[in-house]
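Visitor: Pasting query.txt below, which is compact mmCIF, C-alpha atoms and all ligand atoms.
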# COMPACT_ATOMS: atom_id res chain seq x y z
CA MET A 1 7.57 -14.33 -14.11
CA THR A 2 4.47 -16.56 -14.40
CA GLU A 3 2.00 -16.26 -17.25
CA THR A 4 -0.67 -15.19 -14.72
CA THR A 5 1.10 -11.96 -13.79
CA GLN A 6 -0.57 -9.54 -16.15
CA PHE A 7 -3.92 -11.30 -15.99
CA ARG A 8 -6.50 -9.11 -14.26
CA PRO A 9 -9.58 -11.33 -14.26
CA ARG A 10 -12.24 -9.38 -12.36
CA GLY A 11 -13.24 -6.05 -10.86
CA VAL A 12 -11.07 -5.49 -7.81
CA LEU A 13 -8.33 -8.00 -7.12
CA LEU A 14 -7.69 -9.46 -3.68
CA GLY A 15 -4.15 -9.87 -2.44
CA VAL A 16 -4.01 -11.89 0.78
CA ASN A 17 -1.27 -10.95 3.23
CA ILE A 18 -0.14 -14.05 5.13
CA ASP A 19 2.37 -12.38 7.49
CA HIS A 20 0.02 -12.92 10.41
CA VAL A 21 0.14 -16.71 10.05
CA ALA A 22 3.90 -16.46 10.46
CA THR A 23 3.45 -14.23 13.52
CA LEU A 24 1.64 -17.09 15.27
CA ARG A 25 4.33 -19.59 14.29
CA GLN A 26 7.18 -17.32 15.39
CA ALA A 27 5.54 -16.75 18.77
CA ARG A 28 6.31 -20.40 19.65
CA GLY A 29 9.15 -21.23 17.28
CA THR A 30 7.14 -24.20 15.95
CA ARG A 31 6.90 -25.47 12.38
CA TYR A 32 3.19 -24.65 12.28
CA PRO A 33 1.14 -22.82 11.22
CA ASP A 34 2.96 -22.62 7.91
CA PRO A 35 2.33 -19.46 5.85
CA VAL A 36 3.16 -21.42 2.70
CA GLN A 37 0.25 -23.80 3.35
CA ALA A 38 -1.93 -20.77 4.17
CA ALA A 39 -0.99 -19.15 0.88
CA LEU A 40 -2.01 -22.21 -1.10
CA LEU A 41 -5.36 -22.33 0.72
CA ALA A 42 -5.86 -18.62 0.05
CA GLU A 43 -5.21 -19.19 -3.63
CA GLU A 44 -7.70 -22.08 -3.67
CA ALA A 45 -10.29 -19.79 -2.08
CA GLY A 46 -9.89 -17.11 -4.73
CA ALA A 47 -6.97 -14.88 -3.77
CA ASP A 48 -5.52 -13.19 -6.83
CA GLY A 49 -2.10 -12.84 -5.24
CA ILE A 50 -0.16 -13.38 -2.03
CA THR A 51 1.50 -10.57 -0.12
CA VAL A 52 4.41 -11.04 2.26
CA HIS A 53 6.45 -8.48 4.15
CA PRO A 54 9.75 -9.84 5.40
CA ARG A 55 10.56 -7.18 7.96
CA GLU A 56 14.11 -6.18 8.78
CA ASP A 57 13.80 -7.89 12.19
CA ARG A 58 12.15 -10.96 10.56
CA ARG A 59 9.47 -10.94 13.25
CA HIS A 60 7.10 -12.95 11.07
CA ILE A 61 7.88 -13.93 7.47
CA GLN A 62 11.26 -15.68 7.14
CA ASP A 63 13.49 -15.89 4.07
CA ARG A 64 12.64 -19.61 3.87
CA ASP A 65 8.95 -18.74 3.49
CA VAL A 66 9.61 -16.37 0.63
CA HIS A 67 11.81 -18.87 -1.23
CA LEU A 68 9.26 -21.68 -0.80
CA LEU A 69 6.42 -19.41 -1.88
CA ARG A 70 8.39 -18.52 -4.97
CA GLU A 71 8.44 -22.21 -5.85
CA THR A 72 4.82 -22.96 -5.03
CA LEU A 73 2.54 -19.97 -5.71
CA LEU A 74 0.22 -20.36 -8.65
CA THR A 75 -0.89 -16.73 -8.67
CA ARG A 76 1.74 -14.07 -7.98
CA MET A 77 3.86 -12.80 -5.16
CA ASN A 78 3.75 -9.23 -3.93
CA LEU A 79 6.92 -8.73 -1.92
CA GLU A 80 6.60 -5.80 0.47
CA MET A 81 9.96 -4.44 1.45
CA ALA A 82 11.88 -1.57 2.95
CA VAL A 83 14.01 0.42 0.50
CA THR A 84 17.37 -0.88 1.74
CA ASP A 85 20.32 -2.40 -0.11
CA ARG A 86 19.85 -5.63 1.81
CA MET A 87 16.20 -5.98 0.84
CA LEU A 88 16.88 -4.99 -2.76
CA ALA A 89 19.56 -7.67 -2.99
CA PHE A 90 17.10 -10.18 -1.49
CA ALA A 91 14.40 -9.14 -3.99
CA GLU A 92 16.88 -9.60 -6.83
CA GLN A 93 17.32 -13.21 -5.75
CA VAL A 94 13.58 -13.82 -5.35
CA ARG A 95 12.39 -11.96 -8.46
CA PRO A 96 8.76 -11.46 -7.31
CA GLU A 97 6.10 -10.58 -9.88
CA HIS A 98 5.28 -7.48 -7.82
CA CYS A 99 7.11 -5.61 -5.14
CA CYS A 100 5.85 -2.84 -2.94
CA PHE A 101 8.21 -0.42 -1.22
CA VAL A 102 7.04 0.33 2.30
CA PRO A 103 8.47 2.39 5.17
CA GLU A 104 9.68 0.40 8.13
CA LYS A 105 10.47 1.26 11.72
CA ARG A 106 11.81 -1.55 13.86
CA GLU A 107 9.94 -0.42 16.96
CA GLU A 108 6.51 -0.04 15.31
CA LEU A 109 3.70 -2.50 15.99
CA THR A 110 2.57 -2.25 12.38
CA THR A 111 3.26 0.00 9.38
CA GLU A 112 2.40 3.43 10.70
CA GLY A 113 2.37 5.64 7.61
CA GLY A 114 3.17 5.68 3.94
CA LEU A 115 6.59 5.86 2.35
CA ASP A 116 7.85 9.45 2.07
CA VAL A 117 8.58 9.28 -1.65
CA ALA A 118 8.64 13.07 -2.05
CA GLY A 119 11.42 13.31 0.53
CA GLN A 120 13.71 10.71 -1.11
CA ARG A 121 12.93 10.75 -4.81
CA GLU A 122 16.37 9.72 -6.07
CA ARG A 123 16.69 6.75 -3.76
CA VAL A 124 13.19 5.52 -4.56
CA ALA A 125 13.63 6.11 -8.32
CA ASP A 126 16.86 4.05 -8.23
CA ALA A 127 15.13 1.23 -6.38
CA CYS A 128 12.21 1.33 -8.87
CA ARG A 129 14.67 1.05 -11.75
CA ARG A 130 16.46 -1.91 -10.13
CA MET A 131 13.21 -3.80 -9.68
CA ALA A 132 11.86 -2.87 -13.12
CA GLU A 133 15.04 -4.35 -14.64
CA LEU A 134 14.02 -7.69 -13.10
CA GLY A 135 10.56 -7.41 -14.65
CA SER A 136 8.96 -6.86 -11.26
CA GLU A 137 6.01 -4.46 -11.17
CA VAL A 138 6.74 -1.88 -8.49
CA SER A 139 4.19 -0.17 -6.30
CA LEU A 140 4.83 2.46 -3.66
CA PHE A 141 2.92 2.26 -0.39
CA ILE A 142 2.01 5.90 0.24
CA ASP A 143 -0.39 8.02 2.21
CA PRO A 144 -3.31 9.37 0.15
CA GLU A 145 -1.64 12.73 -0.60
CA PRO A 146 -1.31 14.37 -4.04
CA GLU A 147 2.32 15.35 -3.30
CA GLN A 148 3.25 11.70 -2.73
CA ILE A 149 1.33 10.60 -5.82
CA ASP A 150 3.20 13.15 -7.96
CA ALA A 151 6.49 11.94 -6.50
CA ALA A 152 5.57 8.30 -7.17
CA ALA A 153 4.80 9.11 -10.82
CA ALA A 154 8.05 11.08 -11.12
CA CYS A 155 10.00 8.06 -9.79
CA GLY A 156 8.66 5.94 -12.64
CA ALA A 157 6.64 3.58 -10.43
CA PRO A 158 3.79 2.05 -12.45
CA ALA A 159 1.62 1.55 -9.35
CA ILE A 160 0.87 2.86 -5.88
CA GLU A 161 -0.79 1.29 -2.87
CA LEU A 162 -2.77 3.82 -0.86
CA HIS A 163 -2.35 3.33 2.90
CA THR A 164 -5.91 2.84 4.18
CA GLY A 165 -4.89 2.88 7.85
CA GLU A 166 -6.22 6.39 8.62
CA TYR A 167 -9.55 5.40 7.13
CA ALA A 168 -9.63 2.10 9.02
CA LEU A 169 -8.76 3.73 12.33
CA ALA A 170 -11.07 6.77 11.98
CA ALA A 171 -12.47 7.63 15.40
CA ASN A 172 -15.94 8.56 14.17
CA GLU A 173 -18.23 8.48 11.17
CA GLN A 174 -17.33 12.02 10.11
CA SER A 175 -13.59 11.32 9.89
CA ARG A 176 -14.21 7.92 8.30
CA LYS A 177 -16.23 9.61 5.52
CA ARG A 178 -13.55 12.28 5.14
CA GLU A 179 -10.85 9.60 4.77
CA LEU A 180 -12.96 7.71 2.24
CA VAL A 181 -13.29 10.87 0.12
CA ARG A 182 -9.53 11.36 0.38
CA LEU A 183 -8.91 7.82 -0.83
CA SER A 184 -11.41 8.26 -3.62
CA ASP A 185 -9.99 11.62 -4.77
CA CYS A 186 -6.45 10.29 -4.68
CA THR A 187 -7.44 7.19 -6.67
CA ALA A 188 -9.02 9.42 -9.34
CA TYR A 189 -5.96 11.69 -9.41
CA ALA A 190 -3.45 8.83 -9.59
CA THR A 191 -5.34 6.98 -12.31
CA SER A 192 -5.49 10.24 -14.30
CA LEU A 193 -1.66 10.17 -14.22
CA GLY A 194 -1.72 6.61 -15.54
CA LEU A 195 -0.85 4.92 -12.24
CA VAL A 196 -2.35 1.59 -11.17
CA VAL A 197 -3.97 2.13 -7.75
CA ASN A 198 -4.08 -0.49 -5.03
CA GLY A 199 -5.06 -0.08 -1.39
CA GLY A 200 -4.49 -1.76 1.91
CA HIS A 201 -3.84 -1.80 5.63
CA GLY A 202 -6.35 -2.28 8.42
CA LEU A 203 -9.17 -3.30 6.09
CA HIS A 204 -11.69 -5.69 7.64
CA TYR A 205 -15.17 -7.15 7.15
CA HIS A 206 -16.96 -3.92 8.04
CA ASN A 207 -14.91 -1.34 6.18
CA THR A 208 -13.70 -2.98 2.96
CA ALA A 209 -16.81 -2.75 0.76
CA GLU A 210 -16.69 1.04 0.43
CA VAL A 211 -13.01 1.04 -0.48
CA ALA A 212 -13.55 -1.75 -3.00
CA ALA A 213 -16.29 0.36 -4.60
CA ILE A 214 -13.98 3.31 -5.30
CA PRO A 215 -13.88 3.70 -9.10
CA GLY A 216 -10.44 2.85 -10.45
CA MET A 217 -9.34 0.71 -7.50
CA ASN A 218 -7.29 -2.20 -8.87
CA GLU A 219 -6.43 -4.38 -5.89
CA LEU A 220 -6.85 -4.55 -2.13
CA ASN A 221 -4.24 -6.21 0.05
CA ILE A 222 -5.78 -7.59 3.22
CA GLY A 223 -4.21 -9.74 5.89
CA HIS A 224 -4.84 -9.26 9.58
CA ALA A 225 -8.66 -9.37 9.43
CA ILE A 226 -8.71 -12.42 7.16
CA ILE A 227 -6.34 -14.44 9.33
CA ALA A 228 -8.16 -13.34 12.49
CA ARG A 229 -11.48 -14.43 11.00
CA ALA A 230 -10.05 -17.77 9.91
CA LEU A 231 -9.31 -18.43 13.57
CA MET A 232 -12.97 -17.97 14.44
CA THR A 233 -14.51 -19.73 11.47
CA GLY A 234 -12.12 -22.68 11.89
CA LEU A 235 -12.17 -23.02 15.69
CA LYS A 236 -15.19 -25.31 15.97
CA GLU A 237 -13.68 -27.73 13.47
CA SER A 238 -10.25 -27.78 15.10
CA VAL A 239 -11.66 -28.31 18.62
CA GLY A 240 -13.88 -31.07 17.21
CA GLU A 241 -10.85 -32.78 15.65
CA MET A 242 -8.99 -32.76 18.96
CA ARG A 243 -12.10 -33.97 20.80
CA ASN A 244 -12.38 -36.92 18.39
CA LEU A 245 -8.67 -37.68 18.63
CA ILE A 246 -8.83 -37.85 22.44
CA ASP A 247 -12.05 -39.87 22.38
CA ARG A 248 -10.56 -42.39 19.96
CA ALA A 249 -7.38 -42.72 22.02
CA THR A 250 -9.24 -43.26 25.29
CA ARG A 251 -12.08 -45.47 24.05
CA ARG A 252 -12.27 -48.54 26.30
C1 LIG A 301 2.71 -2.59 4.61
C2 LIG A 301 1.59 -3.22 5.31
O1 LIG A 301 0.61 -2.60 5.56
C3 LIG A 301 1.68 -4.65 5.70
O2 LIG A 301 2.92 -5.19 5.44
C4 LIG A 301 1.40 -4.84 7.11
O3 LIG A 301 2.18 -3.91 7.77
C5 LIG A 301 1.75 -6.26 7.55
O4 LIG A 301 1.62 -6.47 8.88
P1 LIG A 301 2.69 -6.03 10.01
O5 LIG A 301 2.62 -4.55 10.08
O6 LIG A 301 2.17 -6.70 11.23
O7 LIG A 301 4.07 -6.47 9.62
N1 LIG A 302 -0.25 -3.65 2.42
C1 LIG A 302 -1.29 -3.97 3.33
C2 LIG A 302 -1.30 -5.39 3.64
O1 LIG A 302 -0.56 -6.16 3.05
C3 LIG A 302 -2.25 -5.96 4.62
O2 LIG A 302 -2.35 -5.18 5.77
P1 LIG A 302 -3.29 -5.72 6.98
O3 LIG A 302 -4.61 -6.14 6.39
O4 LIG A 302 -2.57 -6.91 7.55
O5 LIG A 302 -3.42 -4.57 7.91
Mind turning the file's structure into structure tokens?

Guide:
Amino acid sequence: MTETTQFRPRGVLLGVNIDHVATLRQARGTRYPDPVQAALLAEEAGADGITVHPREDRRHIQDRDVHLLRETLLTRMNLEMAVTDRMLAFAEQVRPEHCCFVPEKREELTTEGGLDVAGQRERVADACRRMAELGSEVSLFIDPEPEQIDAAAACGAPAIELHTGEYALAANEQSRKRELVRLSDCTAYATSLGLVVNGGHGLHYHNTAEVAAIPGMNELNIGHAIIARALMTGLKESVGEMRNLIDRATRR
């Protein structure tokens, strides 16, 4: 574990999820764009940690990425993973500073709901123990529901990550506000039980500020919107570079 692990330097921490860089690479089977390079840039820009989610089908992040990140990250790794023997054995090799147990369905486009901790307490408690023995801080990615929070505390997890997907996808202002209150109430409840509360999924440039302002929120993990925005903010420069390259090559 690095000396930076327990260092919580400012209000709400930002974990940058770089899975979506790997999605672009895997779509073509190229060597670029490299999520490891993206992680280092994210750290330079102020990320407090890097999140990766090697899915069972390895549709984006590959084992190679995780091992290289382990060697190169200067902040900390948050390894999101399904609660399976295979992933636990992988995590034991990697020894991430943080790991977050998430539900996983092979056919889903993205993580659809939180982990049902209440429905599988023993299994989750065992997995929490295994990771705690490595010195890895465990969080459980759960829906904002008191029953799941109670179960997370009972499993001995020191932290939870509240799934913000319902909030992010709210169809109208009324349901968005309702979801925000739910997140806020659940953060207050979980912190009252001594849990560290993180949040993430579907957060973007128009909906993050209110979640960040929830009292007691420790960290937000954000990926898709950041990588999507990087595409737009960097496009002019990358087209310009290609324009110059062609102009130089064809100058008569
Ligand atoms: C658990 C979670 O919210 C993230 O891991 C997110 O799911 C990453 O993106 P994908 O769902 O595209 O794998
Ligand atoms: N745990 C949530 C996460 O890592 C990022 O999710 P998203 O911003 O890519 O939807």

Visitor: Find the distance between atom CA of Ile50 of chain A and atom CA of Asp143 of chain A and write it in Å to one decimal.

Guide: 21.8 Å

Visitor: Name the residues in contact with Glu108 of chain A at a cut-off of 12 Å, using all atoms listed in the file, excluding same-chain residues fewer than 6 positions from it; report them as a list in words.

Guide: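 What passes the distance filter is Arg55, Glu56, Asp57 and Arg59 of chain A.
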
Visitor: Using only C-alpha atoms and all ligand atoms, determine which residues fall within 9 Å of ligand LIG 301 (chain A), then list them as a PyMOL selection string.

Guide: chain A and resi 17-20+23+51-55+59-61+80-81+100-104+108-114+141+163-165+200-202+221-224

Visitor: Could you save the residues just selected, with C-alpha atoms, as a PDB file, in the coordinates of the input?

Guide:
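The resulting file, result_21.pdb, is shown below:
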ATOM      1  CA  ASN A  17      -1.270 -10.950   3.230  1.00  0.00           C
ATOM      2  CA  ILE A  18      -0.140 -14.050   5.130  1.00  0.00           C
ATOM      3  CA  ASP A  19       2.370 -12.380   7.490  1.00  0.00           C
ATOM      4  CA  HIS A  20       0.020 -12.920  10.410  1.00  0.00           C
ATOM      5  CA  THR A  23       3.450 -14.230  13.520  1.00  0.00           C
ATOM      6  CA  THR A  51       1.500 -10.570  -0.120  1.00  0.00           C
ATOM      7  CA  VAL A  52       4.410 -11.040   2.260  1.00  0.00           C
ATOM      8  CA  HIS A  53       6.450  -8.480   4.150  1.00  0.00           C
ATOM      9  CA  PRO A  54       9.750  -9.840   5.400  1.00  0.00           C
ATOM     10  CA  ARG A  55      10.560  -7.180   7.960  1.00  0.00           C
ATOM     11  CA  ARG A  59       9.470 -10.940  13.250  1.00  0.00           C
ATOM     12  CA  HIS A  60       7.100 -12.950  11.070  1.00  0.00           C
ATOM     13  CA  ILE A  61       7.880 -13.930   7.470  1.00  0.00           C
ATOM     14  CA  GLU A  80       6.600  -5.800   0.470  1.00  0.00           C
ATOM     15  CA  MET A  81       9.960  -4.440   1.450  1.00  0.00           C
ATOM     16  CA  CYS A 100       5.850  -2.840  -2.940  1.00  0.00           C
ATOM     17  CA  PHE A 101       8.210  -0.420  -1.220  1.00  0.00           C
ATOM     18  CA  VAL A 102       7.040   0.330   2.300  1.00  0.00           C
ATOM     19  CA  PRO A 103       8.470   2.390   5.170  1.00  0.00           C
ATOM     20  CA  GLU A 104       9.680   0.400   8.130  1.00  0.00           C
ATOM     21  CA  GLU A 108       6.510  -0.040  15.310  1.00  0.00           C
ATOM     22  CA  LEU A 109       3.700  -2.500  15.990  1.00  0.00           C
ATOM     23  CA  THR A 110       2.570  -2.250  12.380  1.00  0.00           C
ATOM     24  CA  THR A 111       3.260   0.000   9.380  1.00  0.00           C
ATOM     25  CA  GLU A 112       2.400   3.430  10.700  1.00  0.00           C
ATOM     26  CA  GLY A 113       2.370   5.640   7.610  1.00  0.00           C
ATOM     27  CA  GLY A 114       3.170   5.680   3.940  1.00  0.00           C
ATOM     28  CA  PHE A 141       2.920   2.260  -0.390  1.00  0.00           C
ATOM     29  CA  HIS A 163      -2.350   3.330   2.900  1.00  0.00           C
ATOM     30  CA  THR A 164      -5.910   2.840   4.180  1.00  0.00           C
ATOM     31  CA  GLY A 165      -4.890   2.880   7.850  1.00  0.00           C
ATOM     32  CA  GLY A 200      -4.490  -1.760   1.910  1.00  0.00           C
ATOM     33  CA  HIS A 201      -3.840  -1.800   5.630  1.00  0.00           C
ATOM     34  CA  GLY A 202      -6.350  -2.280   8.420  1.00  0.00           C
ATOM     35  CA  ASN A 221      -4.240  -6.210   0.050  1.00  0.00           C
ATOM     36  CA  ILE A 222      -5.780  -7.590   3.220  1.00  0.00           C
ATOM     37  CA  GLY A 223      -4.210  -9.740   5.890  1.00  0.00           C
ATOM     38  CA  HIS A 224      -4.840  -9.260   9.580  1.00  0.00           C
TER      39      HIS A 224
END

Visitor: For the atom pair atom CA of Gln62 of chain A and atom CA of Gln93 of chain A, what is the interatomic distance in Å to one decimal place?

Guide: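 Separation of atom CA of Gln62 of chain A and atom CA of Gln93 of chain A: 14.5 Å.
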
Visitor: By how many Å are atom CA of Asp63 of chain A and atom CA of Ala27 of chain A apart?

Guide: 16.7 Å

Visitor: Out of A:Gly199, A:Gly119, A:Pro96, A:Gly240, which residue has the shortest atom-to-atom distance to ligand LIG 302 (chain A) when counting all atoms listed in the file?

Guide: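 Closest to ligand LIG 302 (chain A) of all the choices is A:Gly199.
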
Visitor: Ranking A:Ala212, A:Leu203, A:Ala230, A:Ala154 by minimum distance to ligand LIG 302 (chain A) and counting only C-alpha atoms and all ligand atoms, which one comes first?

Guide: A:Leu203

Visitor: Quick one: residues within 9 Å of Ser136 of chain A, only C-alpha atoms counted, chain neighbours fewer than 6 positions away excluded, as a ChimeraX atom specification?

Guide: /A:1,95-99

Visitor: For a quick check of understanding, using all atoms listed in the file, which of A:Val197, A:Val21, A:Val36, A:Ala82 has the smallest distance to Ala228 of chain A?

Guide: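 Of the candidates, the smallest distance to Ala228 of chain A is held by A:Val21.
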
Visitor: Box time for ligand LIG 302 (chain A): axis-aligned, enclosing all its listed atoms, 8 Å extra on each side; report centre and edge lengths in Å to one decimal, as lines of an AutoDock Vina configuration file.

Guide:
center_x = -2.4
center_y = -5.3
center_z = 5.2
size_x = 20.4
size_y = 19.3
size_z = 21.5

Visitor: Check the smallest atom-to-atom distance from each of A:Arg229, A:Arg31, A:Arg182, A:Arg106 to ligand LIG 302 (chain A) using all atoms listed in the file, then report the winner.

Guide: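 Of all the options, A:Arg229 lies closest to ligand LIG 302 (chain A).
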
Visitor: Residues at most 10 Å from Thr84 of chain A, counting only C-alpha atoms, excluding those fewer than 4 positions away in the same chain, as a list of chain:residue names?

Guide: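 Result of the neighbour search: A:Glu56, A:Leu88, A:Ala89, A:Phe90, A:Phe101, A:Arg123, A:Val124, A:Ala127.
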
Visitor: Please, could you write that set of residues out with C-alpha atoms as a short mmCIF file (atom, residue, chain, number, x, y, z; two decimals), in the frame of the given file?

Guide:
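Contents of the output file result_29.cif:
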data_model
loop_
_atom_site.label_atom_id
_atom_site.label_comp_id
_atom_site.auth_asym_id
_atom_site.auth_seq_id
_atom_site.Cartn_x
_atom_site.Cartn_y
_atom_site.Cartn_z
CA GLU A 56 14.11 -6.18 8.78
CA LEU A 88 16.88 -4.99 -2.76
CA ALA A 89 19.56 -7.67 -2.99
CA PHE A 90 17.10 -10.18 -1.49
CA PHE A 101 8.21 -0.42 -1.22
CA ARG A 123 16.69 6.75 -3.76
CA VAL A 124 13.19 5.52 -4.56
CA ALA A 127 15.13 1.23 -6.38
#

Visitor: Tell me which of A:Gly194, A:Gly29, A:Pro215, A:Gly49 sits closest to ligand LIG 302 (chain A), counting only C-alpha atoms and all ligand atoms.

Guide: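 Looking only at the distances to ligand LIG 302 (chain A), the closest residue turns out to be A:Gly49.
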
Visitor: With all atoms listed in the file as the atoms that count, which of A:Gln37, A:Gln174, A:Thr208, A:Thr75 lies nearest to ligand LIG 302 (chain A)?

Guide: A:Thr208

Visitor: So that I can see what lies close to Ala190 of chain A, please list as a PDB file with C-alpha atoms, in the frame of the given file the residues with an atom at most 9 Å from it, counting all atoms listed in the file and leaving out residues fewer than 5 positions away in the same chain.

Guide:
ATOM      1  CA  PRO A 146      -1.310  14.370  -4.040  1.00  0.00           C
ATOM      2  CA  ILE A 149       1.330  10.600  -5.820  1.00  0.00           C
ATOM      3  CA  ASP A 150       3.200  13.150  -7.960  1.00  0.00           C
ATOM      4  CA  ALA A 153       4.800   9.110 -10.820  1.00  0.00           C
ATOM      5  CA  ALA A 159       1.620   1.550  -9.350  1.00  0.00           C
ATOM      6  CA  ILE A 160       0.870   2.860  -5.880  1.00  0.00           C
ATOM      7  CA  ASP A 185      -9.990  11.620  -4.770  1.00  0.00           C
ATOM      8  CA  LEU A 195      -0.850   4.920 -12.240  1.00  0.00           C
ATOM      9  CA  VAL A 196      -2.350   1.590 -11.170  1.00  0.00           C
ATOM     10  CA  VAL A 197      -3.970   2.130  -7.750  1.00  0.00           C
TER      11      VAL A 197
END

Visitor: Find the spatial neighbours of Ser192 of chain A, counting all atoms listed in the file, within a cut-off of 10 Å - ignore same-chain residues fewer than 5 positions away - and output them as a ChimeraX atom specification.

Guide: /A:186-187,216
